[in-house]
$ cat start_37.cif   # mmCIF, C-alpha atoms and all ligand atoms
data_protein
#
loop_
_atom_site.label_atom_id
_atom_site.label_comp_id
_atom_site.auth_asym_id
_atom_site.auth_seq_id
_atom_site.Cartn_x
_atom_site.Cartn_y
_atom_site.Cartn_z
CA MET A 1 87.57 113.24 44.12
CA GLN A 2 84.62 111.11 43.12
CA TYR A 3 83.53 108.03 45.04
CA TYR A 4 81.68 105.07 43.59
CA SER A 5 79.54 102.45 45.26
CA LEU A 6 81.13 99.01 45.45
CA GLN A 7 77.72 97.63 44.43
CA ASN A 8 77.49 99.79 41.33
CA HIS A 9 80.57 101.49 39.92
CA GLN A 10 78.42 103.82 37.80
CA HIS A 11 76.91 105.41 40.91
CA ARG A 12 79.29 108.27 41.72
CA VAL A 13 79.19 111.03 44.30
CA SER A 14 81.47 113.76 45.66
CA PHE A 15 83.37 113.50 48.95
CA ARG A 16 80.72 115.72 50.49
CA GLU A 17 77.88 113.41 49.42
CA ALA A 18 79.79 110.30 50.50
CA VAL A 19 80.30 111.78 53.98
CA ILE A 20 76.70 112.89 54.34
CA GLN A 21 75.24 109.60 53.05
CA GLY A 22 77.65 107.18 54.74
CA LEU A 23 76.53 104.20 52.69
CA ALA A 24 75.41 104.43 49.06
CA PRO A 25 71.63 104.11 48.51
CA ASP A 26 72.26 100.57 47.18
CA ARG A 27 73.97 99.76 50.55
CA GLY A 28 77.39 99.58 48.88
CA LEU A 29 80.48 101.08 50.50
CA TYR A 30 81.96 104.14 48.83
CA PHE A 31 85.39 103.80 47.25
CA PRO A 32 87.58 106.54 45.74
CA ALA A 33 87.50 106.59 41.94
CA GLU A 34 91.27 107.05 41.81
CA ILE A 35 94.15 106.32 44.13
CA PRO A 36 96.24 109.51 44.34
CA LYS A 37 100.03 109.21 44.20
CA LEU A 38 102.31 110.76 46.80
CA GLU A 39 104.92 113.21 45.68
CA LYS A 40 108.33 111.60 45.53
CA ARG A 41 109.87 114.36 47.60
CA LEU A 42 107.44 113.79 50.44
CA LYS A 43 108.20 110.09 50.42
CA ASP A 44 111.97 110.45 50.20
CA THR A 45 112.36 113.15 52.82
CA ILE A 46 109.27 112.61 54.94
CA GLU A 47 111.23 113.19 58.17
CA GLU A 48 111.70 116.84 57.16
CA TYR A 49 107.98 117.59 57.15
CA ASP A 50 105.79 118.24 60.12
CA PRO A 51 102.89 115.88 60.87
CA LEU A 52 100.16 118.39 60.00
CA PHE A 53 101.65 118.98 56.56
CA ILE A 54 102.03 115.24 55.95
CA ALA A 55 98.43 114.59 57.00
CA LEU A 56 97.20 117.38 54.75
CA SER A 57 99.15 115.98 51.80
CA ALA A 58 97.71 112.52 52.46
CA ILE A 59 94.04 113.48 52.78
CA GLN A 60 93.63 116.53 50.56
CA PRO A 61 93.43 114.60 47.26
CA PHE A 62 90.53 112.58 48.73
CA VAL A 63 88.66 115.69 49.83
CA GLY A 64 89.30 117.77 46.73
CA ASP A 65 87.58 121.15 46.62
CA ASP A 66 84.76 120.11 48.94
CA ILE A 67 86.56 121.64 51.93
CA PRO A 68 88.88 124.64 51.42
CA GLU A 69 92.46 124.13 52.56
CA LYS A 70 92.16 126.58 55.43
CA ASP A 71 89.20 124.69 56.93
CA LEU A 72 90.72 121.29 56.21
CA LYS A 73 93.86 122.32 58.07
CA LYS A 74 91.77 123.23 61.08
CA ILE A 75 89.98 119.89 61.00
CA ILE A 76 93.31 118.05 60.80
CA ALA A 77 94.81 120.05 63.64
CA ASP A 78 91.82 119.16 65.81
CA THR A 79 92.12 115.49 64.79
CA LEU A 80 95.83 115.26 65.53
CA SER A 81 95.71 117.04 68.85
CA PHE A 82 97.43 114.18 70.69
CA PRO A 83 100.69 112.26 70.10
CA PHE A 84 101.17 108.87 68.37
CA PRO A 85 104.44 107.68 69.91
CA LEU A 86 106.38 104.72 68.55
CA ARG A 87 107.79 102.73 71.48
CA LYS A 88 110.50 100.13 71.24
CA VAL A 89 109.32 96.91 72.86
CA GLU A 90 112.12 94.57 71.83
CA GLU A 91 114.64 94.27 68.99
CA ASN A 92 112.86 95.05 65.70
CA VAL A 93 109.49 95.28 67.45
CA TYR A 94 107.80 98.62 68.03
CA ALA A 95 104.37 99.56 69.35
CA LEU A 96 102.63 102.47 67.66
CA GLU A 97 100.51 103.83 70.49
CA LEU A 98 97.25 105.21 69.18
CA PHE A 99 95.50 105.52 72.52
CA HIS A 100 96.51 108.93 73.80
CA GLY A 101 93.34 110.65 72.63
CA PRO A 102 90.36 111.75 74.72
CA THR A 103 88.70 108.31 74.88
CA LEU A 104 91.92 106.26 74.92
CA ALA A 105 91.24 104.36 71.69
CA PHE A 106 92.38 104.93 68.13
CA LYS A 107 88.81 105.56 67.00
CA ASP A 108 89.23 109.14 68.29
CA VAL A 109 91.04 110.07 65.09
CA GLY A 110 88.33 108.92 62.70
CA ALA A 111 85.56 110.31 64.88
CA HIS A 112 87.16 113.76 65.20
CA PHE A 113 87.90 114.01 61.50
CA MET A 114 84.39 112.98 60.55
CA ALA A 115 82.89 115.41 63.06
CA GLY A 116 84.99 118.19 61.57
CA CYS A 117 83.84 117.36 58.03
CA LEU A 118 80.18 117.00 58.92
CA GLY A 119 80.30 120.18 60.98
CA TYR A 120 81.77 121.97 57.97
CA PHE A 121 79.15 120.61 55.55
CA ARG A 122 76.32 121.51 57.93
CA ARG A 123 77.43 125.08 58.64
CA GLY A 124 74.77 127.64 57.92
CA GLU A 125 71.94 125.06 57.94
CA ASP A 126 69.23 126.08 60.35
CA LYS A 127 67.84 122.62 61.07
CA PRO A 128 70.22 120.57 63.22
CA VAL A 129 71.07 117.03 62.20
CA THR A 130 71.12 114.17 64.69
CA VAL A 131 73.89 111.60 64.64
CA LEU A 132 72.29 108.39 65.85
CA VAL A 133 74.65 105.60 66.81
CA ALA A 134 74.58 102.29 68.67
CA THR A 135 77.69 101.26 70.55
CA SER A 136 79.04 98.13 72.17
CA GLY A 137 81.73 100.18 73.87
CA ASP A 138 84.47 102.16 72.16
CA THR A 139 82.67 103.72 69.21
CA GLY A 140 80.15 105.64 71.30
CA GLY A 141 82.74 107.41 73.42
CA ALA A 142 84.86 108.38 70.42
CA VAL A 143 81.83 109.67 68.52
CA ALA A 144 80.53 111.57 71.55
CA HIS A 145 83.88 113.30 72.05
CA GLY A 146 84.39 113.91 68.36
CA PHE A 147 81.03 115.64 67.96
CA TYR A 148 80.96 117.38 71.32
CA ASN A 149 80.08 121.06 70.80
CA VAL A 150 80.00 120.78 66.98
CA PRO A 151 77.41 123.41 65.99
CA GLY A 152 74.29 122.16 64.22
CA VAL A 153 74.88 118.54 65.25
CA GLN A 154 73.14 116.62 68.02
CA VAL A 155 74.32 113.18 69.04
CA VAL A 156 72.19 110.36 70.44
CA ILE A 157 74.05 107.23 71.54
CA LEU A 158 72.32 103.95 72.32
CA TYR A 159 74.14 101.51 74.55
CA PRO A 160 73.14 98.25 76.23
CA SER A 161 72.60 98.79 79.95
CA GLY A 162 75.14 96.93 82.10
CA LYS A 163 77.02 95.61 79.07
CA VAL A 164 79.69 98.26 78.61
CA SER A 165 82.54 98.82 81.06
CA ASP A 166 82.22 101.51 83.74
CA LEU A 167 84.86 103.59 82.03
CA GLN A 168 83.15 103.31 78.65
CA GLU A 169 79.81 104.26 80.22
CA LYS A 170 81.34 107.34 81.82
CA GLN A 171 82.79 108.39 78.49
CA LEU A 172 79.31 108.25 76.96
CA THR A 173 77.20 109.73 79.68
CA THR A 174 79.09 112.59 81.27
CA LEU A 175 79.62 115.10 78.49
CA GLY A 176 76.15 116.67 78.35
CA GLY A 177 75.68 119.55 75.92
CA ASN A 178 74.73 118.24 72.49
CA ILE A 179 75.36 114.60 73.53
CA SER A 180 72.55 112.36 74.88
CA ALA A 181 72.87 108.74 75.96
CA LEU A 182 69.99 106.28 75.77
CA GLU A 183 70.59 103.39 78.14
CA ILE A 184 68.73 100.48 76.60
CA ASN A 185 67.43 97.55 78.57
CA GLY A 186 68.74 94.97 76.13
CA THR A 187 71.72 93.87 74.09
CA PHE A 188 73.95 95.64 71.57
CA ASP A 189 71.97 93.90 68.82
CA ASP A 190 68.77 95.45 70.20
CA CYS A 191 70.44 98.87 70.06
CA GLN A 192 71.50 98.31 66.48
CA ARG A 193 68.02 97.18 65.50
CA LEU A 194 66.50 100.33 67.01
CA VAL A 195 68.95 102.51 65.09
CA LYS A 196 68.28 100.70 61.81
CA THR A 197 64.52 101.02 62.28
CA ALA A 198 64.89 104.75 62.95
CA PHE A 199 66.81 105.25 59.70
CA LEU A 200 63.93 103.67 57.75
CA ASP A 201 61.29 105.80 59.48
CA ASP A 202 60.31 108.67 57.14
CA GLU A 203 58.03 110.36 59.64
CA LEU A 204 60.85 110.57 62.17
CA GLN A 205 63.40 111.69 59.58
CA THR A 206 61.14 114.52 58.42
CA ARG A 207 60.80 115.77 61.94
CA ARG A 208 64.38 115.12 62.94
CA PRO A 209 66.92 114.45 60.16
CA LEU A 210 69.28 111.63 61.10
CA THR A 211 72.75 110.66 60.03
CA SER A 212 75.08 107.90 61.08
CA ALA A 213 78.68 108.05 62.28
CA ASN A 214 79.27 104.55 61.11
CA SER A 215 82.79 103.23 60.77
CA ILE A 216 82.28 102.66 57.05
CA ASN A 217 81.94 106.41 56.42
CA VAL A 218 84.84 107.58 54.23
CA ALA A 219 85.50 110.43 56.69
CA ARG A 220 86.12 107.92 59.47
CA TRP A 221 88.01 105.48 57.30
CA LEU A 222 90.54 107.60 55.40
CA PRO A 223 92.07 109.74 58.20
CA GLN A 224 93.32 106.50 59.73
CA MET A 225 96.02 106.69 57.04
CA PHE A 226 97.68 109.31 59.26
CA TYR A 227 98.94 106.64 61.68
CA TYR A 228 100.88 104.88 58.98
CA PHE A 229 102.48 108.08 57.72
CA MET A 230 103.54 109.03 61.25
CA ALA A 231 104.95 105.55 61.90
CA TYR A 232 106.86 105.46 58.63
CA ARG A 233 108.23 108.94 59.24
CA GLU A 234 110.06 107.53 62.27
CA ALA A 235 110.73 104.00 61.08
CA LYS A 236 112.51 105.27 57.98
CA GLN A 237 115.61 106.06 60.06
CA TRP A 238 116.28 102.34 60.65
CA LYS A 239 116.74 101.80 56.93
CA LYS A 240 115.03 98.43 56.85
CA GLU A 241 111.79 97.32 55.29
CA THR A 242 108.84 98.35 57.45
CA VAL A 243 106.08 95.83 58.15
CA MET A 244 102.95 96.70 60.11
CA SER A 245 100.65 94.41 62.07
CA VAL A 246 97.13 95.65 62.69
CA PRO A 247 94.70 94.15 65.20
CA SER A 248 91.63 93.93 63.01
CA GLY A 249 87.89 93.67 63.49
CA ASN A 250 85.97 95.49 60.79
CA PHE A 251 89.24 95.96 58.84
CA GLY A 252 88.83 99.74 58.48
CA ASN A 253 92.14 100.61 60.09
CA ILE A 254 94.26 98.18 58.08
CA CYS A 255 92.40 99.13 54.92
CA ALA A 256 93.45 102.75 55.49
CA GLY A 257 97.05 101.62 55.95
CA MET A 258 96.90 99.69 52.71
CA MET A 259 95.49 102.77 50.99
CA ALA A 260 98.49 104.76 52.24
CA ALA A 261 100.76 102.07 50.77
CA ALA A 262 98.82 102.13 47.50
CA MET A 263 99.53 105.87 47.36
CA GLY A 264 103.21 105.06 47.55
CA LEU A 265 104.05 105.06 51.26
CA PRO A 266 106.84 102.46 51.52
CA ILE A 267 105.24 99.94 53.87
CA HIS A 268 106.60 96.62 52.77
CA HIS A 269 103.95 94.28 54.14
CA PHE A 270 100.78 94.24 56.25
CA ILE A 271 99.66 91.67 58.78
CA ALA A 272 96.00 91.46 59.74
CA ALA A 273 95.82 89.94 63.21
CA THR A 274 92.41 88.76 64.37
CA ASN A 275 91.03 86.97 67.39
CA VAL A 276 89.05 83.76 66.87
CA ASN A 277 86.59 85.74 64.74
CA ASP A 278 88.80 84.71 61.87
CA THR A 279 86.79 85.01 58.66
CA VAL A 280 89.69 86.65 56.81
CA PRO A 281 92.49 84.30 57.98
CA ARG A 282 90.25 81.37 56.98
CA TYR A 283 89.62 82.99 53.62
CA PHE A 284 93.37 83.29 53.09
CA ARG A 285 93.82 79.62 53.93
CA ASN A 286 91.06 78.05 51.87
CA GLY A 287 89.75 80.75 49.52
CA ALA A 288 86.21 80.63 50.90
CA TYR A 289 84.75 83.76 52.50
CA GLU A 290 82.39 82.25 55.07
CA PRO A 291 81.44 84.46 58.03
CA GLN A 292 80.32 82.56 61.11
CA PRO A 293 78.42 84.03 64.07
CA ALA A 294 80.62 86.36 66.12
CA VAL A 295 82.13 84.94 69.31
CA ALA A 296 82.86 87.08 72.40
CA THR A 297 86.58 87.47 73.16
CA LEU A 298 88.90 89.57 75.34
CA SER A 299 89.65 91.82 72.38
CA ASN A 300 85.96 92.64 72.10
CA ALA A 301 86.25 95.55 69.68
CA MET A 302 87.38 92.96 67.13
CA ASP A 303 84.48 90.55 67.59
CA VAL A 304 83.32 91.03 64.03
CA ALA A 305 82.17 88.11 61.89
CA ASP A 306 81.77 89.82 58.53
CA PRO A 307 84.27 92.71 58.27
CA SER A 308 82.71 95.33 55.98
CA ASN A 309 85.95 96.93 54.92
CA PHE A 310 87.38 93.74 53.48
CA ALA A 311 85.39 94.52 50.33
CA ARG A 312 87.40 97.73 50.03
CA ILE A 313 90.68 95.84 50.38
CA LEU A 314 89.68 93.42 47.62
CA GLN A 315 88.76 96.37 45.42
CA MET A 316 92.15 97.97 45.99
CA PHE A 317 93.72 94.84 44.49
CA ALA A 318 91.12 94.64 41.70
CA GLN A 319 89.87 91.37 43.23
CA ASN A 320 93.25 89.77 42.44
CA GLU A 321 93.90 87.35 45.27
CA ARG A 322 97.53 86.69 44.40
CA ALA A 323 98.42 90.36 44.39
CA LEU A 324 96.57 90.80 47.67
CA LYS A 325 98.46 87.96 49.34
CA ALA A 326 101.78 89.47 48.29
CA SER A 327 100.92 92.55 50.40
CA LEU A 328 98.85 91.10 53.23
CA THR A 329 99.13 88.12 55.58
CA ALA A 330 96.38 87.20 58.04
CA TYR A 331 96.67 85.28 61.31
CA ARG A 332 94.25 84.46 64.13
CA PHE A 333 94.90 84.08 67.85
CA THR A 334 92.97 82.73 70.81
CA ASP A 335 92.32 84.50 74.12
CA GLU A 336 94.81 82.13 75.79
CA GLN A 337 97.54 83.18 73.39
CA THR A 338 96.59 86.82 73.88
CA VAL A 339 96.87 86.69 77.67
CA ALA A 340 100.11 84.70 77.50
CA ALA A 341 101.59 87.37 75.20
CA MET A 342 100.51 90.17 77.55
CA GLU A 343 102.16 88.39 80.49
CA GLU A 344 105.31 87.46 78.65
CA VAL A 345 105.93 90.87 77.11
CA PHE A 346 105.43 92.53 80.47
CA ALA A 347 107.70 90.06 82.24
CA LYS A 348 110.47 90.34 79.65
CA HIS A 349 110.22 93.94 78.49
CA GLU A 350 108.01 95.72 81.04
CA TYR A 351 105.67 96.79 78.29
CA LEU A 352 102.00 96.47 79.07
CA MET A 353 99.74 95.70 76.11
CA ASP A 354 95.96 95.73 75.99
CA PRO A 355 94.30 92.61 74.52
CA HIS A 356 93.87 94.21 71.07
CA GLY A 357 97.47 95.34 70.85
CA ALA A 358 98.55 91.90 72.08
CA VAL A 359 96.82 90.28 69.11
CA GLY A 360 98.70 92.67 66.84
CA TYR A 361 101.97 91.81 68.59
CA LEU A 362 101.34 88.09 68.11
CA GLY A 363 100.68 88.63 64.41
CA LEU A 364 103.93 90.52 64.02
CA LYS A 365 105.97 87.87 65.86
CA GLN A 366 104.50 85.08 63.77
CA TYR A 367 105.34 86.91 60.56
CA GLN A 368 108.87 87.71 61.76
CA GLN A 369 109.61 84.03 62.38
CA LYS A 370 109.83 83.64 58.63
CA HIS A 371 110.82 87.23 57.78
CA PRO A 372 113.17 88.38 60.52
CA ASN A 373 114.88 91.23 58.72
CA ASN A 374 112.57 94.22 59.04
CA THR A 375 111.34 96.92 61.34
CA GLY A 376 108.11 95.49 62.73
CA ILE A 377 105.44 97.80 64.08
CA PHE A 378 102.23 96.67 65.72
CA LEU A 379 99.38 99.05 66.42
CA GLU A 380 98.39 99.48 70.06
CA THR A 381 94.77 100.51 69.54
CA ALA A 382 93.51 101.00 73.09
CA HIS A 383 94.90 101.90 76.49
CA PRO A 384 95.16 98.87 78.83
CA VAL A 385 93.13 100.74 81.48
CA LYS A 386 90.03 100.17 79.33
CA PHE A 387 90.31 96.41 79.86
CA LEU A 388 91.26 96.24 83.52
CA ASN A 389 88.45 93.86 84.50
CA THR A 390 89.46 91.21 81.95
CA MET A 391 93.22 91.40 82.53
CA PRO A 392 95.21 88.87 84.53
CA GLU A 393 95.43 90.13 88.12
CA SER A 394 99.22 90.28 88.04
CA LEU A 395 98.99 92.88 85.26
CA GLN A 396 96.09 94.90 86.66
CA GLN A 397 98.33 96.37 89.34
CA GLN A 398 100.71 97.63 86.67
CA VAL A 399 98.19 99.85 84.96
CA THR A 400 98.43 103.55 85.74
CA ALA A 401 95.30 105.47 84.94
CA PRO A 402 95.96 108.37 82.56
CA GLU A 403 94.51 111.79 83.26
CA GLN A 404 91.58 111.16 80.91
CA VAL A 405 90.36 108.56 83.43
CA GLN A 406 90.98 110.69 86.48
CA GLU A 407 89.01 113.54 84.95
CA LEU A 408 86.01 111.24 84.55
CA SER A 409 85.98 109.97 88.11
CA GLY A 410 84.25 112.99 89.61
CA LYS A 411 81.66 113.31 86.85
CA GLN A 412 78.00 112.40 87.08
CA LYS A 413 76.43 109.88 84.73
CA VAL A 414 73.35 111.18 82.90
CA SER A 415 71.38 108.71 80.77
CA VAL A 416 67.80 108.16 79.65
CA LYS A 417 66.75 104.62 80.49
CA MET A 418 64.35 102.84 78.20
CA ASP A 419 63.31 99.41 77.03
CA ALA A 420 64.39 98.03 73.68
CA ASP A 421 61.12 99.31 72.27
CA TYR A 422 61.02 101.31 69.06
CA GLY A 423 57.81 103.19 69.92
CA GLN A 424 59.34 104.46 73.13
CA MET A 425 62.53 105.57 71.45
CA LYS A 426 60.70 107.27 68.61
CA GLU A 427 58.52 109.22 71.01
CA TRP A 428 61.64 110.43 72.81
CA LEU A 429 63.35 111.43 69.57
CA MET A 430 60.25 113.24 68.26
CA GLN A 431 59.92 115.61 71.17
C1 LIG B 501 87.62 99.16 66.64
C2 LIG B 501 88.85 98.59 67.28
C3 LIG B 501 89.70 97.68 66.60
C4 LIG B 501 89.39 97.15 65.22
O1 LIG B 501 89.57 98.11 64.22
P1 LIG B 501 88.92 97.87 62.77
O2 LIG B 501 89.20 99.09 62.03
O3 LIG B 501 87.45 97.63 63.01
O4 LIG B 501 89.59 96.65 62.20
C5 LIG B 501 90.85 97.24 67.24
N1 LIG B 501 91.15 97.66 68.50
C6 LIG B 501 90.36 98.51 69.18
C7 LIG B 501 90.74 98.90 70.55
C8 LIG B 501 89.19 99.02 68.60
O5 LIG B 501 88.40 99.86 69.31
#

$ encode --input "start_37.cif" --output "structure tokens" --more "lines below"
Ligand SMILES: *Cc1c(COP(=O)(O)O)cnc(C)c1O
Amino acid sequence: MQYYSLQNHQHRVSFREAVIQGLAPDRGLYFPAEIPKLEKRLKDTIEEYDPLFIALSAIQPFVGDDIPEKDLKKIIADTLSFPFPLRKVEENVYALELFHGPTLAFKDVGAHFMAGCLGYFRRGEDKPVTVLVATSGDTGGAVAHGFYNVPGVQVVILYPSGKVSDLQEKQLTTLGGNISALEINGTFDDCQRLVKTAFLDDELQTRRPLTSANSINVARWLPQMFYYFMAYREAKQWKKETVMSVPSGNFGNICAGMMAAAMGLPIHHFIAATNVNDTVPRYFRNGAYEPQPAVATLSNAMDVADPSNFARILQMFAQNERALKASLTAYRFTDEQTVAAMEEVFAKHEYLMDPHGAVGYLGLKQYQQKHPNNTGIFLETAHPVKFLNTMPESLQQQVTAPEQVQELSGKQKVSVKMDADYGQMKEWLMQ
């Protein structure tokens, strides 16, 4: 499979190059030159196949010959090492739980798959590569776990001191081995600025080659299709149209779902549910794409003003707005609505949602008011335990900590503290 840059369709690279580069040199996102079609038999009798085979069938056309099947199977098995249960919440409403991985957020899947691919492409190289990444919370932990112990890869994670939750900090700082955490005296924006500066620094790159584990990397984006295949595999038994509501920030997850549908997976409709960072819902209402500064919300992993992956969604529909709207609806919800939904769903159905999942639930319910006759699935993207401190008190007591949290409690935080100063960081990276 070839990938082209959305900025210049003539610029084409292999899967391998797209994974190693992340972004095209012209800063465009990579997009597959063709959309592969699923075999009819897989679609019609998907319930007869096991998840690993389905995932392989979904991703292999995008990888092509760049990774042999035997190695790709290993990478997939490592990526899908935890379950994705579909739980009934109420009539026609199901939660697809994506938070049973090592860091309790759905980003584990993309991070593990990308780590597997990069590890494969780097094998046999004698100079290690350093994955440098800034995190406001969830990304860092998923990347750290994904790349933990991958030979030939070192990971350096920058996070803003005091601005990530205790649990998130533990996930970043307790692994050791090839993972280092830089605790920056500053904001997430400072961390991002430091990372960007490092990528432009030739002297540093010569000494210590860097790569990013950014969410726009095709190896983090495409494996998210697996969720939709797994959900459909179960939902098919109800013999109704399947609609899926995705709590969206940078729109990578939903864009992967829409790619699965473009391949032929029978998902009838998608709902993009956002918090008040509602650039896409506004665009759907008035046709103007006008990002405004991001606002902090309870569903903080979705506080994105200018979702990068929306460009990929537009490309999938050849920039045809009418066709896009026939497949995708977008809604926005406030924090008040989010908390009310968490309380109501727990009171009525004893199902505890995290704030991100709750936004997805709200999107689904709003769509079903007009389209009641379907199997509705919303994606539960993080475990509620990650958001304990911002939950209503009545719900906090209901959260049971999974074993991933208990394992962390005895571990010692190790971080390197520094100011948001490029010189200081560079010196540390150079030694
Ligand atoms: C990253 C994240 C999202 C948003 O996913 P996108 O692919 O950026 O739209 C939603 N929920 C949680 C918990 C996340 O960590």

$ closest_residue --input "start_37.cif" --among "A:Leu96, A:Val405, A:Ile313, A:Ala213" --to "Thr381 of chain A" --atoms "only C-alpha atoms"
A:Leu96

$ closest_residue --input "start_37.cif" --among "A:Asp306, A:Glu17, A:Glu234, A:Glu90" --to "ligand LIG 501 (chain B)" --atoms "only C-alpha atoms and all ligand atoms"
A:Asp306

$ closest_atom_pairs --input "start_37.cif" --of "chain A" --to "ligand LIG 501 (chain B)" --cutoff "9 Å" --atoms "only C-alpha atoms and all ligand atoms" --output "CSV"
residue,atom,partner,partner_atom,distance
A:Phe99,CA,B:LIG501,C7,8.4
A:Leu104,CA,B:LIG501,C7,8.6
A:Ala105,CA,B:LIG501,C7,5.6
A:Phe106,CA,B:LIG501,O5,6.6
A:Lys107,CA,B:LIG501,O5,6.2
A:Gly137,CA,B:LIG501,O5,8.1
A:Asp138,CA,B:LIG501,O5,5.4
A:Thr139,CA,B:LIG501,O5,6.9
A:Ser215,CA,B:LIG501,O3,7.6
A:Trp221,CA,B:LIG501,O2,8.0
A:Gln224,CA,B:LIG501,O2,8.8
A:Val246,CA,B:LIG501,O4,7.6
A:Pro247,CA,B:LIG501,C5,5.3
A:Ser248,CA,B:LIG501,O4,3.5
A:Gly249,CA,B:LIG501,O4,3.7
A:Asn250,CA,B:LIG501,O3,3.4
A:Phe251,CA,B:LIG501,O4,3.4
A:Gly252,CA,B:LIG501,O2,3.6
A:Asn253,CA,B:LIG501,O2,3.8
A:Ile254,CA,B:LIG501,O4,6.4
A:Cys255,CA,B:LIG501,O2,7.8
A:Ala256,CA,B:LIG501,O2,8.6
A:Ala272,CA,B:LIG501,O4,8.6
A:Thr274,CA,B:LIG501,O4,8.7
A:Ser299,CA,B:LIG501,N1,7.2
A:Asn300,CA,B:LIG501,C6,7.9
A:Ala301,CA,B:LIG501,C2,4.7
A:Met302,CA,B:LIG501,C4,5.0
A:Asp303,CA,B:LIG501,C4,8.6
A:Val304,CA,B:LIG501,O3,7.9
A:Pro307,CA,B:LIG501,O3,7.5
A:Ser308,CA,B:LIG501,O3,8.8
A:Asn309,CA,B:LIG501,O2,8.1
A:Asp354,CA,B:LIG501,C7,8.2
A:Pro355,CA,B:LIG501,C7,8.2
A:His356,CA,B:LIG501,N1,5.1
A:Gly357,CA,B:LIG501,N1,7.1
A:Leu379,CA,B:LIG501,N1,8.6
A:Glu380,CA,B:LIG501,N1,7.6
A:Thr381,CA,B:LIG501,C7,4.5
A:Ala382,CA,B:LIG501,C7,4.3
A:His383,CA,B:LIG501,C7,7.8
A:Lys386,CA,B:LIG501,C7,8.9

$ atom_distance --input "start_37.cif" --atom1 "atom CA of Asp421 of chain A" --atom2 "atom CA of Asn214 of chain A"
21.9 Å

$ closest_residue --input "start_37.cif" --among "A:Val385, A:Leu210, A:Glu125, A:Met244" --to "Thr197 of chain A" --atoms "all atoms listed in the file"
A:Leu210

$ closest_residue --input "start_37.cif" --among "A:Met391, A:Ala260, A:Leu6, A:Leu38" --to "Pro25 of chain A" --atoms "all atoms listed in the file"
A:Leu6

$ residues_around --input "start_37.cif" --residues "Tyr148 of chain A" --least-positions-apart "2" --cutoff "7 Å" --atoms "only C-alpha atoms" --output "MDAnalysis selection string"
chainID A and resid 144:146 150 178:179

$ atom_distance --input "start_37.cif" --atom1 "atom CA of Ser212 of chain A" --atom2 "atom CA of Val133 of chain A"
6.2 Å

$ closest_residue --input "start_37.cif" --among "A:Gln431, A:Leu98, A:Asn320, A:Leu132" --to "Leu80 of chain A" --atoms "all atoms listed in the file"
A:Leu98

$ atom_distance --input "start_37.cif" --atom1 "atom CA of Gly162 of chain A" --atom2 "atom CA of Leu388 of chain A"
16.2 Å

$ decode --input "start_37.cif" --residues "segment 89-121 of chain A" --atoms "C-alpha atoms" --output "tab-separated table (two decimals), in the first residue's frame"
chain	number	residue	atom	x	y	z
A	89	VAL	CA	-26.74	-0.63	29.16
A	90	GLU	CA	-30.40	-0.30	28.20
A	91	GLU	CA	-32.67	-1.38	25.35
A	92	ASN	CA	-30.81	-0.83	22.05
A	93	VAL	CA	-27.90	0.85	23.83
A	94	TYR	CA	-24.59	-0.92	24.27
A	95	ALA	CA	-21.23	0.25	25.60
A	96	LEU	CA	-18.15	-1.03	23.80
A	97	GLU	CA	-15.58	-1.05	26.59
A	98	LEU	CA	-12.15	-0.22	25.26
A	99	PHE	CA	-10.49	0.39	28.62
A	100	HIS	CA	-9.33	-3.03	29.72
A	101	GLY	CA	-5.76	-2.55	28.51
A	102	PRO	CA	-2.66	-1.81	30.59
A	103	THR	CA	-3.30	1.94	30.93
A	104	LEU	CA	-7.11	1.75	31.03
A	105	ALA	CA	-7.70	3.83	27.90
A	106	PHE	CA	-8.36	2.88	24.30
A	107	LYS	CA	-5.10	4.48	23.19
A	108	ASP	CA	-3.35	1.27	24.30
A	109	VAL	CA	-4.34	-0.40	21.04
A	110	GLY	CA	-2.83	2.22	18.75
A	111	ALA	CA	0.27	2.59	20.89
A	112	HIS	CA	0.96	-1.16	21.03
A	113	PHE	CA	0.44	-1.62	17.32
A	114	MET	CA	2.69	1.30	16.46
A	115	ALA	CA	5.37	0.08	18.88
A	116	GLY	CA	5.24	-3.34	17.24
A	117	CYS	CA	5.64	-1.84	13.76
A	118	LEU	CA	8.43	0.54	14.71
A	119	GLY	CA	10.21	-2.21	16.62
A	120	TYR	CA	10.00	-4.38	13.50
A	121	PHE	CA	11.31	-1.65	11.19
